[in-house]
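Dropping query.txt in here (compact mmCIF, C-alpha atoms and all ligand atoms):
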# COMPACT_ATOMS: atom_id res chain seq x y z
CA MET A 185 35.65 -96.60 -60.63
CA PRO A 186 38.11 -98.32 -63.00
CA SER A 187 40.01 -101.08 -61.25
CA VAL A 188 43.75 -100.64 -60.81
CA PRO A 189 45.62 -103.06 -63.10
CA THR A 190 47.47 -105.91 -61.41
CA VAL A 191 49.62 -108.74 -62.72
CA HIS A 192 50.49 -112.06 -61.11
CA ARG A 193 53.70 -112.14 -59.07
CA GLN A 194 54.96 -114.89 -61.39
CA GLN A 195 54.81 -112.54 -64.38
CA VAL A 196 56.96 -110.02 -62.54
CA ALA A 197 59.42 -112.77 -61.64
CA GLN A 198 59.58 -113.93 -65.25
CA ALA A 199 60.08 -110.40 -66.60
CA LEU A 200 62.92 -109.75 -64.14
CA ASP A 201 64.59 -113.11 -64.83
CA GLN A 202 64.31 -112.68 -68.57
CA LEU A 203 65.98 -109.28 -68.37
CA LEU A 204 68.71 -110.12 -65.85
CA GLN A 205 69.44 -113.80 -66.64
CA PRO A 206 70.42 -114.80 -63.08
CA ALA A 207 71.28 -118.38 -64.11
CA ARG A 208 74.38 -117.02 -65.86
CA PHE A 209 75.99 -115.89 -62.59
CA LYS A 210 77.75 -117.45 -59.62
CA ASP A 211 76.50 -115.24 -56.81
CA TYR A 212 76.71 -114.72 -53.03
CA GLY A 213 72.99 -115.13 -52.42
CA PRO A 214 69.75 -116.17 -54.12
CA ASN A 215 68.61 -113.97 -57.03
CA GLY A 216 64.91 -113.49 -57.74
CA LEU A 217 62.02 -113.81 -55.29
CA GLN A 218 63.52 -113.93 -51.79
CA VAL A 219 60.34 -113.36 -49.76
CA GLU A 220 56.90 -114.27 -51.09
CA GLY A 221 54.12 -111.74 -50.64
CA ARG A 222 50.75 -111.32 -52.32
CA GLU A 223 50.00 -112.78 -55.74
CA ALA A 224 48.51 -109.66 -57.29
CA VAL A 225 51.17 -107.02 -58.00
CA ARG A 226 50.18 -103.41 -58.63
CA ARG A 227 52.92 -101.14 -57.31
CA ILE A 228 56.68 -101.72 -57.20
CA VAL A 229 59.11 -99.80 -55.02
CA SER A 230 62.79 -100.14 -55.94
CA GLY A 231 65.77 -99.39 -53.71
CA VAL A 232 69.39 -100.31 -53.15
CA THR A 233 69.13 -102.43 -49.99
CA ALA A 234 66.26 -104.27 -48.28
CA SER A 235 66.87 -102.34 -45.08
CA ARG A 236 64.17 -101.76 -42.46
CA ALA A 237 63.99 -98.11 -43.51
CA LEU A 238 63.32 -99.06 -47.14
CA ILE A 239 60.73 -101.68 -46.18
CA GLU A 240 58.94 -99.15 -43.96
CA ALA A 241 59.02 -96.54 -46.72
CA ALA A 242 57.59 -99.07 -49.18
CA ILE A 243 54.77 -99.89 -46.75
CA THR A 244 53.96 -96.18 -46.34
CA ASP A 245 54.06 -95.84 -50.12
CA GLY A 246 51.48 -98.58 -50.53
CA ALA A 247 53.76 -100.91 -52.50
CA ASP A 248 53.13 -104.65 -52.72
CA THR A 249 56.52 -105.48 -54.25
CA LEU A 250 60.12 -104.44 -53.57
CA VAL A 251 62.95 -104.77 -56.10
CA VAL A 252 66.43 -104.31 -54.61
CA HIS A 253 70.11 -104.89 -55.34
CA HIS A 254 71.03 -106.09 -51.82
CA GLY A 255 68.48 -108.61 -50.55
CA LEU A 256 68.26 -110.29 -47.17
CA PHE A 257 70.13 -113.55 -47.65
CA TRP A 258 73.86 -113.98 -48.20
CA ARG A 259 76.31 -116.85 -48.12
CA GLY A 260 77.97 -117.00 -44.71
CA GLN A 261 74.98 -115.87 -42.64
CA ASP A 262 74.18 -118.15 -39.73
CA GLY A 263 70.55 -118.47 -40.82
CA ARG A 264 68.86 -117.40 -37.59
CA VAL A 265 65.82 -115.12 -37.79
CA THR A 266 66.72 -112.81 -34.91
CA GLY A 267 67.42 -109.11 -34.37
CA TRP A 268 67.41 -106.97 -37.54
CA MET A 269 66.59 -109.99 -39.74
CA LYS A 270 63.48 -110.77 -37.65
CA GLN A 271 62.38 -107.14 -37.83
CA ARG A 272 62.77 -106.86 -41.60
CA LEU A 273 61.10 -110.22 -42.29
CA ALA A 274 58.27 -109.48 -39.85
CA LEU A 275 57.46 -106.25 -41.69
CA LEU A 276 57.55 -107.88 -45.13
CA LEU A 277 55.39 -110.83 -44.04
CA ALA A 278 52.91 -108.74 -42.02
CA HIS A 279 52.29 -106.53 -45.06
CA ASP A 280 52.41 -109.37 -47.60
CA ILE A 281 55.16 -107.68 -49.64
CA ASN A 282 57.14 -109.53 -52.32
CA LEU A 283 60.88 -109.04 -52.08
CA PHE A 284 62.84 -109.49 -55.29
CA ALA A 285 66.63 -109.15 -55.08
CA TYR A 286 69.19 -109.26 -57.87
CA HIS A 287 72.85 -108.89 -56.98
CA LEU A 288 75.51 -109.58 -59.65
CA PRO A 289 72.96 -109.83 -62.51
CA LEU A 290 71.93 -106.27 -61.67
CA ASP A 291 75.54 -105.07 -61.71
CA ALA A 292 76.18 -106.69 -65.07
CA HIS A 293 73.22 -105.78 -67.30
CA PRO A 294 74.73 -103.88 -70.27
CA GLU A 295 72.07 -101.13 -70.39
CA LEU A 296 70.04 -101.09 -67.18
CA GLY A 297 72.54 -102.46 -64.64
CA ASN A 298 74.45 -100.57 -61.98
CA ASN A 299 77.61 -100.23 -64.05
CA ALA A 300 75.84 -99.16 -67.23
CA GLN A 301 73.66 -96.66 -65.37
CA LEU A 302 76.62 -95.27 -63.39
CA ALA A 303 78.37 -94.73 -66.72
CA HIS A 304 75.33 -92.84 -67.95
CA VAL A 305 75.40 -90.58 -64.88
CA LEU A 306 79.15 -89.96 -65.34
CA GLY A 307 78.91 -89.30 -69.08
CA VAL A 308 81.13 -92.23 -70.01
CA CYS A 309 80.51 -95.40 -72.00
CA ALA A 310 82.01 -98.87 -72.07
CA ASP A 311 83.59 -100.57 -75.06
CA ALA A 312 85.00 -103.57 -73.19
CA ARG A 313 84.57 -105.64 -70.06
CA PHE A 314 87.10 -107.19 -67.69
CA GLY A 315 87.45 -109.24 -64.51
CA GLU A 316 85.62 -112.16 -62.98
CA GLN A 317 82.22 -112.81 -64.60
CA ASP A 318 82.86 -109.78 -66.83
CA LEU A 319 81.63 -107.41 -64.13
CA GLY A 320 84.29 -104.76 -64.77
CA PHE A 321 83.51 -102.11 -67.40
CA LEU A 322 86.16 -100.34 -69.47
CA GLY A 323 85.74 -97.27 -71.64
CA GLY A 324 86.03 -93.50 -71.78
CA ARG A 325 84.19 -90.22 -72.03
CA LEU A 326 81.17 -90.08 -74.31
CA ASP A 327 82.71 -87.08 -76.12
CA GLY A 328 85.93 -89.02 -76.72
CA GLY A 329 87.95 -86.54 -74.64
CA SER A 330 90.21 -86.93 -71.62
CA PHE A 331 90.14 -85.70 -68.04
CA PRO A 332 93.13 -83.34 -67.62
CA ASP A 333 94.22 -85.11 -64.41
CA ALA A 334 93.06 -87.19 -61.45
CA THR A 335 91.80 -84.15 -59.55
CA SER A 336 89.53 -83.01 -62.36
CA LEU A 337 88.21 -86.56 -62.79
CA ALA A 338 87.46 -86.68 -59.05
CA THR A 339 85.70 -83.29 -59.17
CA HIS A 340 83.62 -84.48 -62.12
CA VAL A 341 82.56 -87.66 -60.25
CA GLU A 342 81.82 -85.69 -57.06
CA ARG A 343 79.51 -83.34 -58.95
CA ALA A 344 77.75 -86.21 -60.72
CA LEU A 345 77.21 -88.27 -57.55
CA GLY A 346 76.69 -85.39 -55.12
CA ARG A 347 79.24 -86.57 -52.59
CA LYS A 348 82.95 -86.51 -51.73
CA VAL A 349 85.13 -89.27 -53.14
CA THR A 350 88.42 -90.72 -51.87
CA VAL A 351 91.19 -90.35 -54.45
CA VAL A 352 94.55 -92.07 -54.57
CA GLN A 353 96.53 -90.43 -57.32
CA GLY A 354 98.30 -92.57 -59.89
CA ARG A 355 100.55 -91.25 -62.64
CA PRO A 356 100.19 -87.48 -63.23
CA GLY A 357 98.70 -86.31 -66.52
CA PRO A 358 95.52 -86.81 -68.56
CA ILE A 359 93.19 -89.77 -68.04
CA THR A 360 91.45 -91.21 -71.09
CA ARG A 361 90.88 -94.87 -70.28
CA LEU A 362 88.58 -95.60 -67.33
CA GLY A 363 87.71 -98.84 -65.59
CA TRP A 364 84.75 -99.06 -63.24
CA CYS A 365 82.89 -101.61 -61.16
CA THR A 366 80.20 -100.51 -58.70
CA GLY A 367 79.97 -101.32 -54.99
CA GLY A 368 82.61 -103.24 -53.07
CA ALA A 369 84.79 -104.06 -56.06
CA GLN A 370 88.22 -103.41 -54.53
CA SER A 371 89.36 -106.82 -55.74
CA TYR A 372 88.78 -105.78 -59.37
CA PHE A 373 91.48 -103.12 -59.25
CA GLU A 374 94.34 -105.36 -60.38
CA ASP A 375 92.26 -106.65 -63.30
CA ALA A 376 91.44 -103.04 -64.24
CA ILE A 377 95.16 -102.23 -64.23
CA ALA A 378 95.89 -105.28 -66.39
CA ALA A 379 93.10 -104.27 -68.78
CA GLY A 380 94.75 -100.88 -69.36
CA ALA A 381 92.70 -98.51 -67.20
CA GLN A 382 94.37 -95.23 -66.22
CA ALA A 383 91.85 -94.73 -63.43
CA PHE A 384 89.51 -97.11 -61.60
CA ILE A 385 86.15 -96.02 -60.18
CA THR A 386 84.36 -98.12 -57.57
CA GLY A 387 82.50 -97.82 -54.29
CA GLU A 388 85.00 -98.82 -51.64
CA ILE A 389 88.73 -98.94 -50.98
CA SER A 390 90.76 -101.21 -48.70
CA GLU A 391 94.29 -100.67 -47.49
CA PRO A 392 96.20 -102.52 -50.25
CA GLN A 393 94.61 -100.63 -53.15
CA ALA A 394 96.22 -97.33 -52.13
CA HIS A 395 99.64 -98.92 -52.60
CA TYR A 396 98.72 -100.57 -55.91
CA ALA A 397 97.52 -97.19 -57.19
CA ARG A 398 100.80 -95.48 -56.33
CA GLU A 399 103.02 -98.34 -57.45
CA CYS A 400 101.19 -99.06 -60.72
CA GLY A 401 100.44 -95.42 -61.53
CA VAL A 402 96.68 -96.00 -61.86
CA THR A 403 94.38 -93.54 -60.06
CA TYR A 404 91.83 -95.06 -57.63
CA LEU A 405 88.50 -93.41 -56.83
CA ALA A 406 86.34 -94.76 -54.00
CA CYS A 407 82.97 -93.09 -54.49
CA GLY A 408 80.70 -94.90 -52.04
CA HIS A 409 79.17 -98.37 -52.25
CA HIS A 410 75.64 -96.99 -52.05
CA ALA A 411 76.34 -93.96 -54.25
CA THR A 412 77.66 -96.11 -57.11
CA GLU A 413 74.85 -98.68 -56.85
CA ARG A 414 71.71 -96.58 -56.66
CA TYR A 415 70.98 -96.42 -60.39
CA GLY A 416 70.51 -100.03 -61.48
CA ALA A 417 67.52 -101.12 -59.38
CA PRO A 418 65.32 -98.15 -60.40
CA ALA A 419 66.27 -98.56 -64.07
CA VAL A 420 65.39 -102.26 -64.07
CA ALA A 421 62.23 -101.83 -61.97
CA ALA A 422 61.00 -98.93 -64.12
CA HIS A 423 61.58 -100.98 -67.27
CA VAL A 424 59.68 -104.00 -65.95
CA ALA A 425 56.89 -101.88 -64.43
CA GLN A 426 56.40 -100.10 -67.74
CA SER A 427 56.36 -103.31 -69.76
CA LEU A 428 53.70 -104.81 -67.44
CA GLY A 429 51.68 -101.63 -66.89
CA LEU A 430 52.51 -101.37 -63.17
CA GLU A 431 53.28 -98.40 -60.97
CA HIS A 432 56.85 -97.85 -59.83
CA ARG A 433 58.74 -95.52 -57.54
CA PHE A 434 62.41 -95.50 -56.48
CA ILE A 435 63.06 -94.72 -52.84
CA ASP A 436 66.62 -93.73 -51.97
CA VAL A 437 67.54 -94.37 -48.35
CA ASP A 438 70.72 -92.35 -47.95
CA ASN A 439 73.82 -94.25 -46.87
CA PRO A 440 77.22 -92.59 -46.32
CA ALA A 441 79.06 -95.90 -46.89
ZN ZN B 1 76.65 -103.86 -53.55

Full structure transcribed into structure tokens:
Amino acid sequence: MPSVPTVHRQQVAQALDQLLQPARFKDYGPNGLQVEGREAVRRIVSGVTASRALIEAAITDGADTLVVHHGLFWRGQDGRVTGWMKQRLALLLAHDINLFAYHLPLDAHPELGNNAQLAHVLGVCADARFGEQDLGFLGGRLDGGSFPDATSLATHVERALGRKVTVVQGRPGPITRLGWCTGGAQSYFEDAIAAGAQAFITGEISEPQAHYARECGVTYLACGHHATERYGAPAVAAHVAQSLGLEHRFIDVDNPA
């Protein structure tokens, strides 16, 4: 029987770092290898969050390596390995699974990142960036057209993402210029307004943004943190798996938030 090809964990780490350039970012947690598993990598599972459900699915799938957007360790945690953290770590360690996590570098990558891949799904493309660490994307429809109004833009996004979105209507009339930033990017709304967006697409909304939308006339669409961030990790993992000759599968653990 031909042996299944494997590569050293370090090669996977190098390929991911080379693509995503984590040193360029100030982030909320460590990017790269967060939990060390076996040295020989054969099969990667990608997912949005290193939740227990994803780790269990990866184990069932026979993966030796996980690539996610939301890893286990964040600034502000108290550092104790108890409760859900103990359970997730115990599973990873017991099955010798490598956990790679890339947060902001995975949002930012101009072709394979969350924002670029969300744009692809929505049929829009960026021609500019805005906001802190250039994580906001600005652009318009691929066909150069406009959305007739906020409602039709919302319907378009709902169809593309397969879920309801929360809309706060700005100025009535057509929308040509879009700003977007995946996940919990409420704080990028004011920068999107300043950059000239007529509508802003992100994952979440907080109370103040509804008022900014009405007062500044810029439509706000909250489309789900998970729903807007489920395209980057599989794109990056598939790219790296292909370049190294590894197997890859994306596992989507549904999340209404
Ligand atoms: Zn996120």

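Note that the spacing between CA of Leu283 in chain A and CA of Gln218 in chain A amounts to 5.6 Å.
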
**Request:** Take CA of Ala383 in chain A and CA of Thr403 in chain A and report the distance between them in Å, one decimal.
**Result:**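 Answer for the CA of Ala383 in chain A to CA of Thr403 in chain A separation: 4.4 Å.
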
**Message:** Ranking A:Asp280, A:Asp211, A:Glu316, A:Asp262 by minimum distance to ligand ZN 1 (chain B) and counting all atoms listed in the file, which one comes first?
**Reply:**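 Smallest distance to ligand ZN 1 (chain B) is found for A:Asp211.
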
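For the residues A:His409, A:Gly307, A:Leu430, A:Arg347, ranking by smallest atom-to-atom distance to Thr190 in chain A using all atoms listed in the file places A:Leu430 first.
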
Can I get the residues of chain A within 10 Å of ligand ZN 1 (chain B), each with the closest pair of atoms and their distance in Å to one decimal, using all atoms listed in the file, sorted chain first then ascending number, as a tab-separated table?
residue	atom	partner	partner_atom	distance
A:Val232	CA	B:ZN1	ZN	8.1
A:Thr233	CA	B:ZN1	ZN	8.4
A:His253	CA	B:ZN1	ZN	6.9
A:His254	CA	B:ZN1	ZN	6.3
A:Gly255	CA	B:ZN1	ZN	9.9
A:His287	CA	B:ZN1	ZN	7.2
A:Leu288	CA	B:ZN1	ZN	8.4
A:Leu290	CA	B:ZN1	ZN	9.7
A:Asp291	CA	B:ZN1	ZN	8.3
A:Asn298	CA	B:ZN1	ZN	9.3
A:Thr366	CA	B:ZN1	ZN	7.1
A:Gly367	CA	B:ZN1	ZN	4.4
A:Gly368	CA	B:ZN1	ZN	6.0
A:Ala369	CA	B:ZN1	ZN	8.5
A:Gly387	CA	B:ZN1	ZN	8.4
A:Glu388	CA	B:ZN1	ZN	9.9
A:Gly408	CA	B:ZN1	ZN	9.9
A:His409	CA	B:ZN1	ZN	6.2
A:His410	CA	B:ZN1	ZN	7.1
A:Ala411	CA	B:ZN1	ZN	9.9
A:Thr412	CA	B:ZN1	ZN	8.6
A:Glu413	CA	B:ZN1	ZN	6.4
A:Arg414	CA	B:ZN1	ZN	9.3

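When only C-alpha atoms are used to measure the gap to His279 in chain A, the shortest distance among A:Gly329, A:Gly263, A:Gly231, A:Gly221 belongs to A:Gly221.
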
**Item:** Straight-line distance linking CA of Ala344 in chain A with CA of Tyr415 in chain A, stated in Å to one decimal
**Value:** 12.3 Å

**Message:** Measuring between all atoms listed in the file, which one of A:His293, A:His192, A:Arg355, A:Arg236 shows the shortest distance to Met269 in chain A?
**Reply:** A:Arg236

**Request:** For each of A:Ala234, A:Ala310, A:Ile359, A:Leu296, take the minimum atom-to-atom distance to Gly416 in chain A, counting all atoms listed in the file, then give the residue where this is smallest.
**Result:**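 The shortest atom-to-atom distance to Gly416 in chain A comes from A:Leu296.
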
**Request:** Select, from A:Ala292, A:Ile377, A:Val196, A:Ala397, the residue with the minimum atom-to-atom distance to Asp318 in chain A, counting only C-alpha atoms.
**Result:** A:Ala292

**Request:** Find the residues with any atom within 7 Å of (66.9, -97.8, -68.5); use all atoms listed in the file and the coordinates as given in the file, and write the answer as a PyMOL selection string.
**Result:** chain A and resi 295-296+419-420+423

Axis-aligned box for range 372-379 of chain A, 3 Å per side, centre and edges in Å as AutoDock Vina command-line options:
--center_x 92.3 --center_y -104.4 --center_z -64.0 --size_x 13.1 --size_y 10.4 --size_z 15.5

**Message:** Would you pick out the contacts of Tyr212 in chain A at 12 Å or less, using all atoms listed in the file, so that residues sharing its chain but fewer than 5 positions from it are not included, and give the list as a PyMOL selection string?
**Reply:** chain A and resi 206+254-261+285-289

Can I get the selection written as a PDB file, in the coordinates of the input, with C-alpha atoms?
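Wrote it out as out-v9.pdb, contents follow:
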ATOM      1  CA  PRO A 206      70.420-114.800 -63.080  1.00  0.00           C
ATOM      2  CA  HIS A 254      71.030-106.090 -51.820  1.00  0.00           C
ATOM      3  CA  GLY A 255      68.480-108.610 -50.550  1.00  0.00           C
ATOM      4  CA  LEU A 256      68.260-110.290 -47.170  1.00  0.00           C
ATOM      5  CA  PHE A 257      70.130-113.550 -47.650  1.00  0.00           C
ATOM      6  CA  TRP A 258      73.860-113.980 -48.200  1.00  0.00           C
ATOM      7  CA  ARG A 259      76.310-116.850 -48.120  1.00  0.00           C
ATOM      8  CA  GLY A 260      77.970-117.000 -44.710  1.00  0.00           C
ATOM      9  CA  GLN A 261      74.980-115.870 -42.640  1.00  0.00           C
ATOM     10  CA  ALA A 285      66.630-109.150 -55.080  1.00  0.00           C
ATOM     11  CA  TYR A 286      69.190-109.260 -57.870  1.00  0.00           C
ATOM     12  CA  HIS A 287      72.850-108.890 -56.980  1.00  0.00           C
ATOM     13  CA  LEU A 288      75.510-109.580 -59.650  1.00  0.00           C
ATOM     14  CA  PRO A 289      72.960-109.830 -62.510  1.00  0.00           C
TER      15      PRO A 289
END
